[in-house]
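Undergrad: The following block contains the structure, expressed as structure tokens.
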Amino acid sequence: MIVTPDLHTLDYSIKYGVKCFELVAEPVKQEILPGVFMNAWGYNGSTPGPTIIVNSGDNVKIRVYNKLPQPTSIHWHGLNIPNDMDGVPAVEPSPRIDPGSFFDYEFLITNPPGTHMYHSHYNTVMQDTMGLKGAFIIKNNTTENIQKDYFIMLDEVNLKHLRKFIVKKGIYNINPFTMNSNFFFMNGRCFPYTSPLLVKKGDNCRVRFGNISLNNHPIHFHGHQFAVTAADGNPIQKENQIIKNTILVASGETWDIEFNCNNPGLWPLHCHLTQHVSNNLQLPFGGMATSVNYIGFKGKAANPVPWSFVK
Amino acid sequence: MIVTPDLHTLDYSIKYGVKCFELVAEPVKQEILPGVFMNAWGYNGSTPGPTIIVNSGDNVKIRVYNKLPQPTSIHWHGLNIPNDMDGVPAVEPSPRIDPGSFFDYEFLITNPPGTHMYHSHYNTVMQDTMGLKGAFIIKNNTTENIQKDYFIMLDEVNLKHLRKFIVKKGIYNINPFTMNSNFFFMNGRCFPYTSPLLVKKGDNCRVRFGNISLNNHPIHFHGHQFAVTAADGNPIQKENQIIKNTILVASGETWDIEFNCNNPGLWPLHCHLTQHVSNNLQLPFGGMATSVNYIGFKGKAANPVPWSFVK
Amino acid sequence: MIVTPDLHTLDYSIKYGVKCFELVAEPVKQEILPGVFMNAWGYNGSTPGPTIIVNSGDNVKIRVYNKLPQPTSIHWHGLNIPNDMDGVPAVEPSPRIDPGSFFDYEFLITNPPGTHMYHSHYNTVMQDTMGLKGAFIIKNNTTENIQKDYFIMLDEVNLKHLRKFIVKKGIYNINPFTMNSNFFFMNGRCFPYTSPLLVKKGDNCRVRFGNISLNNHPIHFHGHQFAVTAADGNPIQKENQIIKNTILVASGETWDIEFNCNNPGLWPLHCHLTQHVSNNLQLPFGGMATSVNYIGFKGKAANPVPWSFVK
């Protein structure tokens, strides 16, 4: 089962053999740390929006309602679909969805199983930075020796009216027109509010990373090496897979990694750009980080860090 | 035939078996959007300069005239050539070319066919940012099953005295001493002023990317997957090629990609760093973007976007 | 022999079969250009700290003294070691080392030969930017056809109270809470103060790059192509190695490259992000750059550049 920690998987109904999904593009109040909210834009109540999971060969219809104050569109990033369903009204014969309107994106899934994304492609610099993005995963239905399968979306924003080093409860607005981000996310949350990825000793674990953001993020994993098994939703042949412990996920890319859970513990998994592991530069640690926690592992942090970041 | 959209290929003469090229390093007035010009530095009237195309085994002589107000040099980026022809006067026994002078770079092409670049290596931080760069391609003369072959140089600058969100006709100066770029280019132009890459259904299309700029740019292609076929001018063996839809082109790198034109349409090809697809943060879309247009494709943008960006 | 230009290799003693190292985390006054010092944090008197070299199968004990004004820890980046030795007190049962205290990190080297790193993982955004990092290399004891073997750590900081374009002798403080770096390092020095990598014609030369910094740095080498032979300390099989002349080293990554010294000269090796090859934006050239110098090469720079940058 593919799990997107801290986010939902989107339900669907089947009508005449077509998998029917509904996304509502709308303002969302996203809780990024306990009591710290941002006024963002997302889908169905969160940013990133819910994860869409389909199979190769599926016919899908995704109804997109626009409850934003401006037109929007959705690009199905990585999918080989017809031009008029690709969601780029500035270039393609694909519609702009005006506020109060909806559009049905309908296409056949012809890509092989893999990790893709969806995101706004209208007023991109603003709408993508405001949070209009999510995961689109094509499941592998053949037998895989994978016991845990996670998706993590990397993201960042600049929240206004918070002086450096200050994080306090409240609701903040995003400035989408700057690259000076001060908050860094995995699935819409900052460490330590990110939920750990749970594994058992002996599991083979896959983590799928996606990035629709302002920077290219190198994600480092502690205590293990991993195989790099897929690039932008395309499998890498076993004999071509390289072994690493840090994977650079550029904006627009997805990468899948796989590792064997052979080293019990509580293991950080985080962006390695130094300033991306803090919340508004606060010490000791935060931002684009989570951990892989072995279920039943007995150890606990020897020095509980005073997480007094929220005042 | 290798085509560099919106730029010229440099002519040459043959003297005593040597291919003789001429580059003039000089101030250029580059039109980046209709009526919007920047005072840049380039070669032979444009930035990037004209594309140089040679064959493996060629003897070449490139006479470089310096019509800039300061000394310069050219580095033949990626070529295995003698030290005194490599163009880095700060390190190598390779000359600095003073204003009003010229120098003849002479070397044998010993690299295999592939995509390389040339650029200033004197006062680098200033001269490279001002635009002194171009493509240097070693053609493959063996039979290739490639019907279209394009080169795209990625670039960016900060234009002074243009407040955020404002793009209006005029002539602007570059601030080469900042990383806060507000204009992002493919071959010296911003979308939608970039010329599309034309293809026919069934073509095998190669796109060669080069980057001499302030950032690492991930380029995403819509509606297709591509094979990554060469790295920094070095072919990647077929069995090692990975399939992707976004290619991270770091500064100093070249990457060749190849795809089959099997999905007719008008397909965006653009940097995926969110703020690199706008012109001075203007909406809806601009910057480091172009499209791959299938000749004869009937569709057209359903919602023609009012491109009123130039006032 | 593995050489880290401009830095030391850490001595050790053997007690009861264990290799015992000592690191002192402390304020250091690092000379980055002749007469230009920065007040940084490092280990044993320098930033980066001394290079640690071990063998696969070694039992090691590394005593870390904290002479900093705040708690610290060390993460052994890339090593497969027990959770309580991994050095991330915010997540793991691994201790925080208070000022005036020490801790003995003890573990068995189970990774294969390769290039790794160590760095602070406490108050990361501050401590890593202040300079608490170094190389951790697992030697290959099998016969290798490698005659030269170098390590280079990439880094950058913002030095305060130096206006753009000014570099003058003095002692400067780091601002660790900004991404606006103005000085860029290889092994803690700026070009031209970086010591060249010496090679002989015919040598096979390996260069190992590590990066614990604020950016992803693409390193370009002149006059040669190289094979990419290891990723994050994991060997890449010969048949999977690609040939390049620019290697993108993301923060948190290590990459090993190998080339044959077949083109005598003095060859630049430098970051290709345009603004990273200057010292506080000074012309003509500086920053994250060094050169590979063939011993006995007769050429010398035709136009000696007046290195009057230090006033």
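Residue numbering restarts at 1 in every chain; chains get A, B, ... in the order shown in the structure tokens, and ligands count up from 1 in that same order.
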Would you give me, as a PyMOL selection string, the residues of chain B that come within 7 Å of chain C, using only C-alpha atoms?

TA: chain B and resi 78-81+83+89-96+122-125+128+177+213-215+231-232+234+236+240+250-253

Undergrad: Identify, on the basis of only C-alpha atoms, every residue whose closest approach to Asp11 of chain A does not exceed 9 Å; exclude the query and any residue fewer than 4 positions from it along the same chain; express the result as a PyMOL selection string.

TA: chain A and resi 20-22+52-53

Undergrad: Would you please give, as an MDAnalysis selection string, all residues of segment 22-208 of chain A that DSSP assigns to strand (DSSP E or B) based on the backbone?

TA: chainID A and resid 22:33 36:43 46 51:55 59:66 72 74:77 97 102:108 114:120 133:139 148:157 159 170:174 183:186 189 191 197:199 204:208

Undergrad: Could you state the separation of atom CA of Gly131 of chain A and atom CA of Asn182 of chain A in Å, given to one decimal place?

TA: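 Here the two named atoms are 14.9 Å from each other.
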
Undergrad: Can you tell me, as a list in words, which residues in segment 88-172 of chain C count as alpha helix (DSSP H) by DSSP?

TA: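 Assigned to alpha helix (DSSP H), within segment 88-172 of chain C: Thr124, Val125, Met126, Gln127, Asp128, Thr129 and Met130 of chain C.
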
Undergrad: Find the distance between atom CA of Asp6 of chain A and atom CA of Met186 of chain A and write it in Å to one decimal.

TA: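 Distance reported for this atom pair: 9.0 Å.
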
Undergrad: If we count only C-alpha atoms, what is near segment 99-102 of chain A at a cut-off of 12 Å, once residues fewer than 3 positions away on the same chain are taken out, given as number ranges by chain?

TA: A: 22-26, 62-74, 95-96, 105

Undergrad: So that I can see what lies close to Thr194 of chain C, please list as a list of chain:residue names the residues with an atom at most 12 Å from it, counting only C-alpha atoms and leaving out residues fewer than 5 positions away in the same chain.

TA: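 Counting only C-alpha atoms, the residues come to C:Thr4, C:Pro5, C:Asp6, C:Leu7, C:Glu31, C:Ile32, C:Leu33, C:Pro34, C:Ile152, C:Met153, C:Leu154, C:Phe184, C:Phe185, C:Met186, C:Asn187, C:Gly188, C:Arg189, C:Pro268, C:Leu269, C:His270, C:Gly286, C:Gly287, C:Met288, C:Ala289, C:Thr290, C:Ser291, C:Val292.
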
Undergrad: Provide the atom CA of Val88 of chain C to atom CA of Phe107 of chain C distance in Å, to one decimal place.

TA: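 We find that atom CA of Val88 of chain C and atom CA of Phe107 of chain C lie 15.4 Å from each other.
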
Undergrad: Check the smallest atom-to-atom distance from each of B:Lys15, B:His75, B:Ser46, B:Gln147 to Gly202 of chain B using only C-alpha atoms, then report the winner.

TA: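 Closest candidate: B:Gln147.
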